[in-house]
$ cat coords-v5.cif   # mmCIF, C-alpha atoms and all ligand atoms
data_target
loop_
_atom_site.label_atom_id
_atom_site.label_comp_id
_atom_site.auth_asym_id
_atom_site.auth_seq_id
_atom_site.Cartn_x
_atom_site.Cartn_y
_atom_site.Cartn_z
CA MET A 1 3.91 38.10 -12.37
CA TYR A 2 2.93 34.70 -13.74
CA GLY A 3 4.98 35.16 -16.96
CA ARG A 4 8.43 34.30 -15.58
CA PHE A 5 7.07 31.54 -13.36
CA LYS A 6 5.15 30.10 -16.32
CA THR A 7 8.33 29.90 -18.40
CA HIS A 8 10.10 28.24 -15.51
CA LEU A 9 7.38 25.60 -15.17
CA GLN A 10 7.26 25.02 -18.92
CA ASN A 11 10.99 24.32 -18.92
CA GLU A 12 10.75 21.95 -15.98
CA LEU A 13 7.82 20.11 -17.57
CA LYS A 14 9.76 19.80 -20.82
CA GLN A 15 12.64 18.22 -18.94
CA ILE A 16 10.29 15.74 -17.28
CA ARG A 17 8.91 14.84 -20.74
CA GLN A 18 12.39 14.51 -22.27
CA ALA A 19 13.47 12.21 -19.44
CA GLY A 20 10.49 10.02 -20.35
CA LEU A 21 9.02 10.49 -16.86
CA PHE A 22 5.88 12.43 -17.74
CA LYS A 23 2.83 10.81 -16.22
CA GLU A 24 -0.29 10.59 -18.36
CA GLU A 25 -3.67 9.53 -17.05
CA ARG A 26 -5.56 6.82 -18.84
CA ILE A 27 -9.31 7.47 -18.73
CA ILE A 28 -11.61 4.66 -17.64
CA THR A 29 -15.36 4.94 -18.21
CA SER A 30 -16.50 1.85 -16.27
CA PRO A 31 -16.37 0.94 -12.59
CA GLN A 32 -13.11 -0.58 -11.34
CA GLY A 33 -12.92 -4.33 -11.90
CA ALA A 34 -11.24 -7.27 -13.63
CA GLU A 35 -12.52 -5.96 -16.94
CA ILE A 36 -12.64 -2.21 -17.51
CA THR A 37 -13.66 0.04 -20.41
CA LEU A 38 -11.30 2.76 -21.61
CA ASP A 39 -12.62 6.01 -23.07
CA SER A 40 -11.68 4.74 -26.53
CA GLY A 41 -14.42 2.15 -25.96
CA LYS A 42 -11.82 -0.61 -25.77
CA LYS A 43 -12.43 -3.23 -23.07
CA VAL A 44 -9.27 -4.49 -21.37
CA LEU A 45 -8.40 -6.87 -18.56
CA ASN A 46 -7.06 -4.95 -15.61
CA PHE A 47 -3.90 -6.28 -13.94
CA CYS A 48 -2.66 -3.06 -12.34
CA ALA A 49 -5.21 -2.12 -9.68
CA ASN A 50 -4.79 -2.59 -5.94
CA ASN A 51 -8.21 -4.23 -6.07
CA TYR A 52 -6.78 -7.38 -4.49
CA LEU A 53 -10.02 -8.81 -3.14
CA GLY A 54 -12.18 -7.58 -6.01
CA LEU A 55 -14.19 -5.39 -3.61
CA SER A 56 -13.95 -2.07 -5.47
CA ASN A 57 -17.35 -2.58 -7.06
CA HIS A 58 -18.70 -5.36 -4.86
CA PRO A 59 -22.54 -5.28 -4.78
CA SER A 60 -22.63 -5.73 -1.04
CA LEU A 61 -20.34 -2.74 -0.42
CA VAL A 62 -22.17 -0.57 -2.96
CA GLU A 63 -25.37 -1.42 -1.09
CA ALA A 64 -23.85 -0.69 2.33
CA ALA A 65 -22.50 2.65 1.08
CA GLY A 66 -25.97 3.54 -0.21
CA GLU A 67 -27.61 2.60 3.07
CA ALA A 68 -25.18 4.75 5.08
CA LEU A 69 -25.64 7.59 2.62
CA ARG A 70 -29.39 7.51 3.26
CA SER A 71 -29.23 6.94 7.01
CA HIS A 72 -26.26 9.18 7.88
CA GLY A 73 -26.12 11.72 5.05
CA PHE A 74 -23.49 12.75 2.55
CA GLY A 75 -20.82 14.79 4.31
CA MET A 76 -19.72 15.61 7.84
CA SER A 77 -18.62 19.24 7.39
CA SER A 78 -16.40 18.87 10.43
CA VAL A 79 -13.26 17.37 11.81
CA ARG A 80 -13.74 14.43 14.15
CA PHE A 81 -13.38 16.20 17.50
CA ILE A 82 -15.75 19.09 16.78
CA CYS A 83 -18.86 17.44 15.36
CA GLY A 84 -17.56 14.91 12.83
CA THR A 85 -17.84 11.64 14.74
CA GLN A 86 -20.85 9.41 14.11
CA ASN A 87 -21.61 6.06 15.66
CA LEU A 88 -20.47 4.58 12.33
CA HIS A 89 -16.93 5.93 12.78
CA LYS A 90 -16.65 4.38 16.24
CA THR A 91 -17.99 1.05 14.99
CA LEU A 92 -15.50 0.90 12.13
CA GLU A 93 -12.61 1.81 14.42
CA LYS A 94 -13.53 -1.03 16.74
CA LYS A 95 -13.79 -3.50 13.85
CA ILE A 96 -10.36 -2.54 12.53
CA ALA A 97 -8.81 -2.94 16.00
CA ASP A 98 -10.39 -6.40 16.35
CA PHE A 99 -9.25 -7.42 12.87
CA PHE A 100 -5.61 -6.75 13.79
CA GLU A 101 -5.98 -7.76 17.48
CA MET A 102 -5.15 -4.24 18.54
CA GLU A 103 -6.56 -2.06 21.31
CA ASP A 104 -7.88 1.00 19.51
CA THR A 105 -7.99 2.63 16.08
CA LEU A 106 -8.02 6.11 14.60
CA LEU A 107 -9.49 6.75 11.14
CA TYR A 108 -7.89 9.20 8.72
CA ALA A 109 -8.87 10.50 5.29
CA ALA A 110 -6.09 8.33 3.82
CA CYS A 111 -3.13 6.23 4.91
CA PHE A 112 -0.95 9.04 3.58
CA ASP A 113 -2.41 11.12 6.43
CA ALA A 114 -2.14 8.29 8.96
CA ASN A 115 1.59 8.05 8.25
CA GLY A 116 2.00 11.82 7.90
CA GLY A 117 0.50 12.37 11.34
CA LEU A 118 2.01 9.42 13.16
CA PHE A 119 5.55 10.25 14.20
CA GLU A 120 5.59 13.90 15.23
CA PRO A 121 3.04 13.52 18.07
CA LEU A 122 4.85 10.53 19.57
CA LEU A 123 8.59 11.14 19.32
CA THR A 124 11.07 13.99 19.88
CA GLN A 125 14.73 14.67 19.15
CA GLU A 126 15.62 12.42 22.07
CA ASP A 127 14.23 9.43 20.15
CA ALA A 128 15.14 7.39 17.08
CA ILE A 129 13.22 6.19 14.02
CA ILE A 130 14.81 3.28 12.21
CA SER A 131 13.23 2.95 8.80
CA ASP A 132 13.50 0.52 5.87
CA ALA A 133 15.01 2.28 2.85
CA LEU A 134 12.12 1.24 0.62
CA ASN A 135 9.30 2.42 2.86
CA HIS A 136 6.40 4.26 1.24
CA ALA A 137 6.65 7.99 0.44
CA SER A 138 4.07 8.82 3.12
CA ILE A 139 6.29 7.27 5.80
CA ILE A 140 9.28 9.21 4.52
CA ASP A 141 7.25 12.44 4.67
CA GLY A 142 5.86 11.63 8.11
CA VAL A 143 9.34 10.94 9.46
CA ARG A 144 10.55 14.25 8.00
CA LEU A 145 7.93 16.12 10.03
CA CYS A 146 9.26 14.59 13.25
CA LYS A 147 12.38 15.70 15.12
CA ALA A 148 13.52 12.19 16.06
CA GLN A 149 16.98 11.04 14.91
CA ARG A 150 16.71 9.14 11.63
CA TYR A 151 18.36 5.84 10.83
CA ARG A 152 17.83 3.93 7.60
CA TYR A 153 18.53 0.28 6.83
CA ARG A 154 18.76 -1.43 3.44
CA ASN A 155 15.53 -3.09 2.32
CA THR A 156 14.81 -6.06 4.63
CA ASP A 157 18.53 -6.29 5.52
CA MET A 158 18.54 -7.56 9.10
CA GLU A 159 22.28 -7.11 9.64
CA ASP A 160 21.94 -3.48 8.68
CA LEU A 161 18.86 -3.07 10.90
CA GLU A 162 20.82 -4.50 13.83
CA GLU A 163 23.69 -2.15 13.12
CA GLN A 164 21.35 0.85 13.08
CA LEU A 165 19.68 -0.32 16.29
CA ARG A 166 23.10 -0.49 17.95
CA LYS A 167 23.86 3.05 16.84
CA ALA A 168 20.52 4.22 18.24
CA GLN A 169 20.97 2.67 21.71
CA ASP A 170 21.64 6.00 23.39
CA GLN A 171 18.31 7.43 22.31
CA ARG A 172 15.38 7.43 24.74
CA PHE A 173 12.95 5.45 22.57
CA ARG A 174 13.49 3.57 19.30
CA LEU A 175 10.79 2.89 16.70
CA ILE A 176 11.37 0.43 13.86
CA VAL A 177 9.24 1.30 10.84
CA THR A 178 8.51 -0.97 7.89
CA ASP A 179 6.05 -1.64 5.10
CA GLY A 180 4.48 -5.10 5.41
CA VAL A 181 4.74 -5.75 1.67
CA PHE A 182 6.97 -3.63 -0.54
CA SER A 183 5.03 -2.52 -3.58
CA MET A 184 7.65 -2.86 -6.31
CA ASP A 185 8.91 -6.43 -5.70
CA GLY A 186 5.96 -7.74 -3.69
CA ASN A 187 8.39 -9.03 -1.06
CA VAL A 188 7.35 -9.29 2.56
CA ALA A 189 9.20 -7.66 5.45
CA PRO A 190 10.71 -10.39 7.70
CA ILE A 191 8.55 -9.42 10.65
CA ASP A 192 9.69 -12.43 12.73
CA LYS A 193 13.31 -11.28 12.62
CA ILE A 194 12.41 -7.62 12.97
CA TYR A 195 10.35 -8.46 16.05
CA GLU A 196 13.28 -10.38 17.58
CA LEU A 197 15.58 -7.42 17.01
CA ALA A 198 12.98 -5.04 18.43
CA GLU A 199 12.90 -7.14 21.61
CA LYS A 200 16.67 -7.45 21.79
CA TYR A 201 17.30 -3.72 21.32
CA ASP A 202 14.25 -2.44 23.20
CA ALA A 203 12.52 -0.87 20.22
CA LEU A 204 8.88 -0.31 19.32
CA LEU A 205 7.54 -1.73 16.05
CA MET A 206 5.35 -0.02 13.45
CA ILE A 207 4.12 -1.80 10.30
CA ASP A 208 2.33 -0.22 7.34
CA GLU A 209 -0.02 -2.96 6.13
CA SER A 210 -1.36 -1.05 3.10
CA HIS A 211 -0.32 -3.69 0.53
CA SER A 212 -0.48 -6.66 2.90
CA ALA A 213 -3.74 -6.32 4.85
CA GLY A 214 -6.49 -8.39 3.27
CA VAL A 215 -3.89 -10.11 1.09
CA VAL A 216 -1.18 -11.76 3.16
CA GLY A 217 -1.75 -14.44 5.78
CA LYS A 218 -4.21 -17.29 5.66
CA THR A 219 -7.20 -15.14 6.61
CA GLY A 220 -5.82 -11.89 5.19
CA ARG A 221 -4.88 -10.38 8.56
CA GLY A 222 -1.61 -9.21 7.05
CA VAL A 223 2.04 -9.83 7.82
CA THR A 224 1.53 -10.24 11.55
CA GLU A 225 -0.67 -13.25 10.74
CA LEU A 226 1.86 -14.60 8.24
CA PHE A 227 4.54 -14.63 10.95
CA ASN A 228 2.25 -15.71 13.79
CA LEU A 229 2.69 -12.40 15.56
CA ARG A 230 -0.85 -11.06 15.61
CA GLY A 231 -1.25 -8.25 18.10
CA LYS A 232 2.51 -7.98 18.66
CA ALA A 233 3.26 -4.82 16.70
CA ASP A 234 2.80 -1.59 18.65
CA ILE A 235 1.40 0.34 15.68
CA ILE A 236 -0.17 -0.74 12.39
CA THR A 237 -1.22 1.70 9.69
CA GLY A 238 -3.24 0.78 6.63
CA THR A 239 -5.57 1.95 3.91
CA LEU A 240 -9.17 1.35 2.93
CA GLY A 241 -8.07 2.29 -0.59
CA LYS A 242 -6.56 -1.04 -1.66
CA ALA A 243 -7.80 -4.53 -0.74
CA PHE A 244 -10.40 -3.15 1.69
CA GLY A 245 -12.82 -1.78 -0.89
CA GLY A 246 -10.59 0.64 -2.73
CA ALA A 247 -12.50 3.85 -2.03
CA ILE A 248 -10.64 6.14 0.36
CA GLY A 249 -9.61 6.21 3.98
CA GLY A 250 -6.73 5.25 6.22
CA PHE A 251 -6.21 4.15 9.78
CA THR A 252 -3.74 3.76 12.59
CA THR A 253 -4.43 0.92 14.98
CA GLY A 254 -2.37 -0.05 18.00
CA LYS A 255 -1.77 0.28 21.70
CA ARG A 256 -4.42 2.27 23.56
CA GLU A 257 -2.23 5.12 24.79
CA ILE A 258 -0.61 5.58 21.39
CA ILE A 259 -4.00 6.01 19.72
CA GLU A 260 -5.15 8.25 22.56
CA MET A 261 -2.14 10.51 22.06
CA LEU A 262 -2.76 10.65 18.30
CA ARG A 263 -6.34 11.77 19.03
CA GLN A 264 -4.85 14.69 20.96
CA ARG A 265 -2.01 15.68 18.67
CA SER A 266 -2.07 14.12 15.21
CA ARG A 267 -2.44 17.01 12.81
CA PRO A 268 -4.16 15.33 9.82
CA TYR A 269 -6.73 13.99 12.31
CA LEU A 270 -7.21 17.31 14.08
CA PHE A 271 -7.23 19.58 11.06
CA SER A 272 -8.80 17.56 8.23
CA ASN A 273 -12.35 16.49 7.54
CA SER A 274 -14.02 13.37 8.84
CA LEU A 275 -14.50 10.37 6.51
CA LEU A 276 -17.84 10.41 4.70
CA PRO A 277 -20.49 8.11 6.17
CA ALA A 278 -20.96 6.13 2.93
CA VAL A 279 -17.32 5.01 2.99
CA VAL A 280 -17.49 4.22 6.70
CA GLY A 281 -20.69 2.21 6.29
CA ALA A 282 -19.17 0.20 3.45
CA GLY A 283 -16.03 -0.31 5.57
CA ILE A 284 -18.10 -1.80 8.38
CA ARG A 285 -19.78 -4.22 5.94
CA MET A 286 -16.37 -5.06 4.49
CA PHE A 287 -14.85 -6.07 7.85
CA ASP A 288 -17.99 -8.10 8.61
CA MET A 289 -17.47 -9.97 5.34
CA MET A 290 -13.81 -10.55 6.22
CA SER A 291 -14.77 -12.18 9.49
CA GLU A 292 -17.45 -14.41 7.92
CA THR A 293 -15.43 -16.04 5.14
CA THR A 294 -11.96 -16.29 3.64
CA GLU A 295 -13.37 -17.08 0.19
CA LEU A 296 -11.86 -13.98 -1.42
CA GLN A 297 -8.43 -14.47 0.16
CA ASP A 298 -8.45 -18.10 -0.90
CA LYS A 299 -9.28 -17.17 -4.47
CA LEU A 300 -6.60 -14.48 -4.53
CA HIS A 301 -3.97 -16.91 -3.22
CA GLN A 302 -5.01 -19.52 -5.82
CA ASN A 303 -4.91 -16.93 -8.61
CA THR A 304 -1.46 -15.75 -7.59
CA ALA A 305 -0.07 -19.29 -7.40
CA TYR A 306 -1.63 -20.18 -10.77
CA PHE A 307 -0.23 -17.08 -12.46
CA MET A 308 3.26 -17.52 -10.98
CA THR A 309 3.46 -21.18 -11.94
CA LYS A 310 2.39 -20.63 -15.54
CA MET A 311 4.59 -17.57 -16.03
CA LEU A 312 7.70 -19.20 -14.55
CA GLY A 313 6.92 -22.26 -16.69
CA ALA A 314 6.84 -20.03 -19.78
CA GLY A 315 10.34 -18.84 -18.93
CA PHE A 316 9.64 -15.42 -17.43
CA ASP A 317 11.85 -14.07 -14.68
CA ILE A 318 9.66 -13.08 -11.71
CA LYS A 319 10.87 -11.80 -8.35
CA PRO A 320 10.02 -14.11 -5.47
CA THR A 321 6.73 -12.86 -4.03
CA GLN A 322 4.55 -13.64 -1.02
CA SER A 323 1.91 -11.11 -1.95
CA ALA A 324 -0.37 -10.54 -4.95
CA ILE A 325 2.31 -8.47 -6.69
CA CYS A 326 4.30 -10.23 -9.43
CA ALA A 327 7.25 -8.27 -10.81
CA VAL A 328 7.99 -9.62 -14.30
CA MET A 329 11.61 -8.58 -14.79
CA LEU A 330 12.72 -7.16 -18.15
CA TYR A 331 15.82 -5.17 -17.00
CA ASP A 332 15.41 -2.56 -19.77
CA ALA A 333 13.36 0.63 -19.49
CA LYS A 334 12.45 0.92 -23.16
CA LEU A 335 11.57 -2.75 -23.40
CA SER A 336 9.29 -2.42 -20.35
CA GLN A 337 7.37 0.41 -22.02
CA GLU A 338 7.09 -1.36 -25.36
CA PHE A 339 6.06 -4.59 -23.66
CA ALA A 340 3.27 -2.84 -21.73
CA ALA A 341 2.05 -1.03 -24.88
CA ARG A 342 1.96 -4.29 -26.85
CA LEU A 343 0.07 -5.99 -24.02
CA LEU A 344 -2.53 -3.22 -24.13
CA ASP A 345 -3.02 -4.02 -27.83
CA GLU A 346 -3.68 -7.57 -26.66
CA GLY A 347 -6.28 -6.23 -24.22
CA ILE A 348 -4.12 -6.58 -21.09
CA TYR A 349 -3.63 -3.46 -18.99
CA VAL A 350 -0.39 -3.48 -16.98
CA ILE A 351 2.26 -0.87 -16.24
CA GLY A 352 5.99 -0.97 -16.92
CA PHE A 353 8.16 0.51 -14.18
CA TYR A 354 11.70 1.76 -14.58
CA TYR A 355 14.25 4.05 -12.95
CA PRO A 356 13.82 6.06 -10.71
CA VAL A 357 10.71 4.19 -9.51
CA VAL A 358 12.80 0.99 -9.38
CA PRO A 359 16.63 0.69 -9.35
CA GLN A 360 18.62 1.25 -12.60
CA GLU A 361 18.64 -1.86 -14.80
CA GLU A 362 15.68 -3.32 -12.94
CA ALA A 363 12.87 -2.29 -15.27
CA ARG A 364 9.88 -4.56 -15.04
CA ILE A 365 6.17 -5.01 -15.54
CA ARG A 366 4.25 -5.20 -12.31
CA VAL A 367 1.27 -7.52 -12.41
CA GLN A 368 -1.26 -7.34 -9.58
CA LEU A 369 -3.59 -10.27 -9.13
CA SER A 370 -7.13 -9.98 -7.80
CA ALA A 371 -9.87 -12.21 -6.49
CA ALA A 372 -11.95 -10.55 -9.22
CA HIS A 373 -9.93 -12.42 -11.86
CA GLU A 374 -11.39 -15.65 -13.22
CA THR A 375 -9.11 -18.37 -14.59
CA SER A 376 -10.10 -17.31 -18.12
CA HIS A 377 -8.79 -13.79 -17.36
CA LEU A 378 -5.52 -15.20 -16.05
CA ASP A 379 -5.16 -17.43 -19.12
CA ARG A 380 -5.68 -14.47 -21.45
CA CYS A 381 -3.09 -12.46 -19.54
CA ILE A 382 -0.56 -15.29 -19.61
CA ALA A 383 -1.20 -15.88 -23.35
CA GLY A 384 -0.65 -12.15 -23.97
CA PHE A 385 2.65 -12.22 -22.04
CA LYS A 386 3.80 -15.28 -24.00
CA LYS A 387 2.96 -13.77 -27.37
CA VAL A 388 4.58 -10.40 -26.68
CA GLY A 389 7.47 -12.10 -24.85
CA ARG A 390 8.26 -14.21 -27.91
CA ASP A 391 7.80 -11.27 -30.32
CA LEU A 392 10.22 -9.14 -28.31
CA GLY A 393 12.72 -11.95 -27.69
CA VAL A 394 12.22 -12.01 -23.91
CA ILE A 395 11.38 -15.72 -23.86
CA GLY A 396 12.33 -18.47 -26.29
C1 LIG A 401 -0.90 3.04 -0.90
C2 LIG A 401 -0.05 3.19 0.30
C3 LIG A 401 -0.22 4.27 1.19
C4 LIG A 401 -1.20 5.38 0.90
O1 LIG A 401 -2.50 4.97 1.12
P1 LIG A 401 -3.70 5.98 0.81
O2 LIG A 401 -4.80 5.54 1.71
O3 LIG A 401 -4.00 5.83 -0.65
O4 LIG A 401 -3.21 7.35 1.13
C5 LIG A 401 0.56 4.30 2.32
N1 LIG A 401 1.48 3.36 2.59
C6 LIG A 401 1.69 2.33 1.75
C7 LIG A 401 2.72 1.29 2.08
C8 LIG A 401 0.94 2.21 0.57
O5 LIG A 401 1.16 1.19 -0.26
#

$ encode --input "coords-v5.cif" --output "structure tokens" --more "lines below"
Ligand SMILES: *Cc1c(COP(=O)(O)O)cnc(C)c1O
Amino acid sequence: MYGRFKTHLQNELKQIRQAGLFKEERIITSPQGAEITLDSGKKVLNFCANNYLGLSNHPSLVEAAGEALRSHGFGMSSVRFICGTQNLHKTLEKKIADFFEMEDTLLYAACFDANGGLFEPLLTQEDAIISDALNHASIIDGVRLCKAQRYRYRNTDMEDLEEQLRKAQDQRFRLIVTDGVFSMDGNVAPIDKIYELAEKYDALLMIDESHSAGVVGKTGRGVTELFNLRGKADIITGTLGKAFGGAIGGFTTGKREIIEMLRQRSRPYLFSNSLLPAVVGAGIRMFDMMSETTELQDKLHQNTAYFMTKMLGAGFDIKPTQSAICAVMLYDAKLSQEFAARLLDEGIYVIGFYYPVVPQEEARIRVQLSAAHETSHLDRCIAGFKKVGRDLGVIG
């Protein structure tokens, strides 16, 4: 039986390779951090992790994970509502709710699950979901699993959002859905204007803070802090897999009844295993750290400003950003790949993105800054960009 299917897959894989879209994994032999070791033994500076606050290998979180491992064991062997809820899970849920000024929180194995299990329990075909065109894949999948009418607006285009809201006025309920920060450009959703439109057209508001929580806003509370609207969204989803320690785990936080309904009906919550205690224990420590000091956010914001200033000064074209994502525009797919390869030779690990991940003719290198970076790391990265940029004729 496998023979014909095998040939079919081989052909498909060949096409993916020929299109230049085949994904290879690069093997790292060290913990995640500003400097990592590749399996070739080469040490490189890492500018492509979502390790925004430098917490992925933070001693305090490693210690907290170890403590929870010893006090609460390794695995839960259960979903939450059978016998998979420990006091640790409840504590972390409360801390996340407080962090975002929300009423209650539900943990998931990942934000992919939080988004996958969000819409179907809450909305029916009588309702409308109005979604930014560049929202994350997990939102797109979650919306697909729900029977609500779907409306899409162009990325952060408020005229288009208003138009879609008008079209959706006959529906029973309307839910506007947006990423807080969009991962390819690093641009922020205009939550102030979205909130105004939500009020005007009687819509609920959901924000996915995966790339913005911990990063955006003076104290890292995300886009609702940036726009002075803390506690105003109805639903926030996010991940523990990026700024918040980088391990695994997702959450939905929001209005009490919404979270209560998700506890009854959200399928990835009901039918998938409970988060391991070590991750939950480290998460609790992490949110405690966040409430004690903004040192890491401050350093990240300084690093981003420093990098942007020097790179713009060197003549690079970078998309306006309010996050820790800097899209260095090259506008040519092949150039983006060669540029990234040459930077790796210089000891700088970044990734070039091109169509279909970004629009045609918008190839780029995405640089992600971290509080783990020291100024010397940033200087080496900038020097690498300048050298390769001059060699490849990108800058003068
Ligand atoms: C990374 C990301 C996710 C997925 O988070 P996981 O916890 O890794 O599943 C969801 N939404 C957005 C906007 C993201 O950037």

$ residues_near_ligand --input "coords-v5.cif" --ligand "ligand LIG 401 (chain A)" --cutoff "10 Å" --atoms "only C-alpha atoms and all ligand atoms" --output "PyMOL selection string"
chain A and resi 50+108-116+134-140+178-184+207-212+237-242+246-251

$ residues_around --input "coords-v5.cif" --residues "Ser323 (chain A)" --least-positions-apart "6" --cutoff "12 Å" --atoms "all atoms listed in the file" --output "JSON, numbers by chain"
{"A": [50, 52, 180, 181, 182, 183, 184, 185, 186, 187, 188, 189, 209, 210, 211, 212, 213, 214, 215, 216, 217, 218, 220, 222, 223, 226, 243, 297, 300, 301, 302, 303, 304, 305, 308, 367, 368, 369, 370]}

$ closest_residue --input "coords-v5.cif" --among "A:Phe47, A:Phe227, A:Ser56, A:Ser266" --to "Gly142 (chain A)" --atoms "all atoms listed in the file"
A:Ser266

$ closest_residue --input "coords-v5.cif" --among "A:Ile16, A:Gly281, A:Leu61, A:Phe5" --to "Leu88 (chain A)" --atoms "all atoms listed in the file"
A:Gly281

$ residues_around --input "coords-v5.cif" --residues "Ala97 (chain A)" --least-positions-apart "5" --cutoff "8 Å" --atoms "all atoms listed in the file" --output "ChimeraX atom specification"
/A:102-105,253-254

$ residues_around --input "coords-v5.cif" --residues "Leu392 (chain A)" --least-positions-apart "4" --cutoff "9 Å" --atoms "all atoms listed in the file" --output "PyMOL selection string"
chain A and resi 335+338-339+387-388

$ residues_around --input "coords-v5.cif" --residues "Leu197 (chain A)" --least-positions-apart "6" --cutoff "10 Å" --atoms "all atoms listed in the file" --output "list in words"
Met158, Glu159, Leu161, Glu162, Leu165, Ile176, Ile191, Ala203 and Leu205 of chain A

$ closest_residue --input "coords-v5.cif" --among "A:Gly352, A:Gly313, A:Pro277, A:Gly231" --to "His72 (chain A)" --atoms "only C-alpha atoms"
A:Pro277

$ atom_distance --input "coords-v5.cif" --atom1 "CA of Val280 (chain A)" --atom2 "CA of Thr252 (chain A)"
15.0 Å

$ atom_distance --input "coords-v5.cif" --atom1 "CA of Lys43 (chain A)" --atom2 "CA of His377 (chain A)"
12.5 Å

$ atom_distance --input "coords-v5.cif" --atom1 "CA of Asp332 (chain A)" --atom2 "CA of Leu344 (chain A)"
18.5 Å

$ residues_around --input "coords-v5.cif" --residues "Ser60 (chain A)" --least-positions-apart "2" --cutoff "12 Å" --atoms "all atoms listed in the file" --output "list in words"
Gly54, Leu55, Ser56, Asn57, His58, Val62, Glu63, Ala64, Ala65, Gly66, Glu67, Gly245, Gly281, Ala282, Gly283, Ile284, Arg285, Met286, Phe287, Asp288 and Met289 of chain A

$ residues_near_point --input "coords-v5.cif" --point "(17.8, -3.9, -6.9)" --cutoff "12 Å" --atoms "all atoms listed in the file" --output "list in words"
Ala133, Leu134, Arg154, Asn155, Met184, Asp185, Lys319, Met329, Tyr331, Tyr354, Tyr355, Pro356, Val357, Val358, Pro359, Gln360, Glu361, Glu362, Ala363 and Arg364 of chain A

$ closest_residue --input "coords-v5.cif" --among "A:Gln171, A:Ser131, A:Asn228, A:Thr91" --to "Met206 (chain A)" --atoms "only C-alpha atoms"
A:Ser131

$ closest_residue --input "coords-v5.cif" --among "A:Ala333, A:Ile348, A:Ala49, A:Ile395" --to "Ala19 (chain A)" --atoms "only C-alpha atoms"
A:Ala333

$ closest_residue --input "coords-v5.cif" --among "A:Glu163, A:Asp170, A:Asp379, A:Asp157" --to "Lys193 (chain A)" --atoms "all atoms listed in the file"
A:Asp157

$ decode --input "coords-v5.cif" --residues "region 304-336 of chain A" --atoms "C-alpha atoms" --output "compact mmCIF listing (two decimals), in the first residue's frame"
# COMPACT_ATOMS: atom_id res chain seq x y z
CA THR A 304 16.05 47.83 20.16
CA ALA A 305 16.49 51.60 19.99
CA TYR A 306 20.29 51.25 19.79
CA PHE A 307 20.11 48.67 17.01
CA MET A 308 17.54 50.63 14.98
CA THR A 309 19.48 53.88 15.23
CA LYS A 310 22.80 52.35 14.17
CA MET A 311 21.27 50.32 11.35
CA LEU A 312 19.27 53.23 9.92
CA GLY A 313 22.41 55.35 10.24
CA ALA A 314 24.32 52.76 8.20
CA GLY A 315 21.75 53.14 5.43
CA PHE A 316 19.64 50.02 5.93
CA ASP A 317 15.94 50.09 5.16
CA ILE A 318 14.02 48.87 8.22
CA LYS A 319 10.25 48.74 8.60
CA PRO A 320 8.93 51.02 11.33
CA THR A 321 8.67 48.89 14.47
CA GLN A 322 7.29 49.29 17.99
CA SER A 323 8.34 45.83 19.07
CA ALA A 324 11.64 43.95 19.30
CA ILE A 325 11.31 42.77 15.70
CA CYS A 326 13.38 44.66 13.10
CA ALA A 327 12.67 43.74 9.48
CA VAL A 328 15.76 44.65 7.44
CA MET A 329 14.31 44.98 3.95
CA LEU A 330 16.22 43.53 0.97
CA TYR A 331 13.30 43.08 -1.49
CA ASP A 332 14.94 40.08 -3.20
CA ALA A 333 14.51 36.45 -2.15
CA LYS A 334 17.90 35.22 -3.32
CA LEU A 335 19.68 38.19 -1.81
CA SER A 336 17.95 37.55 1.53
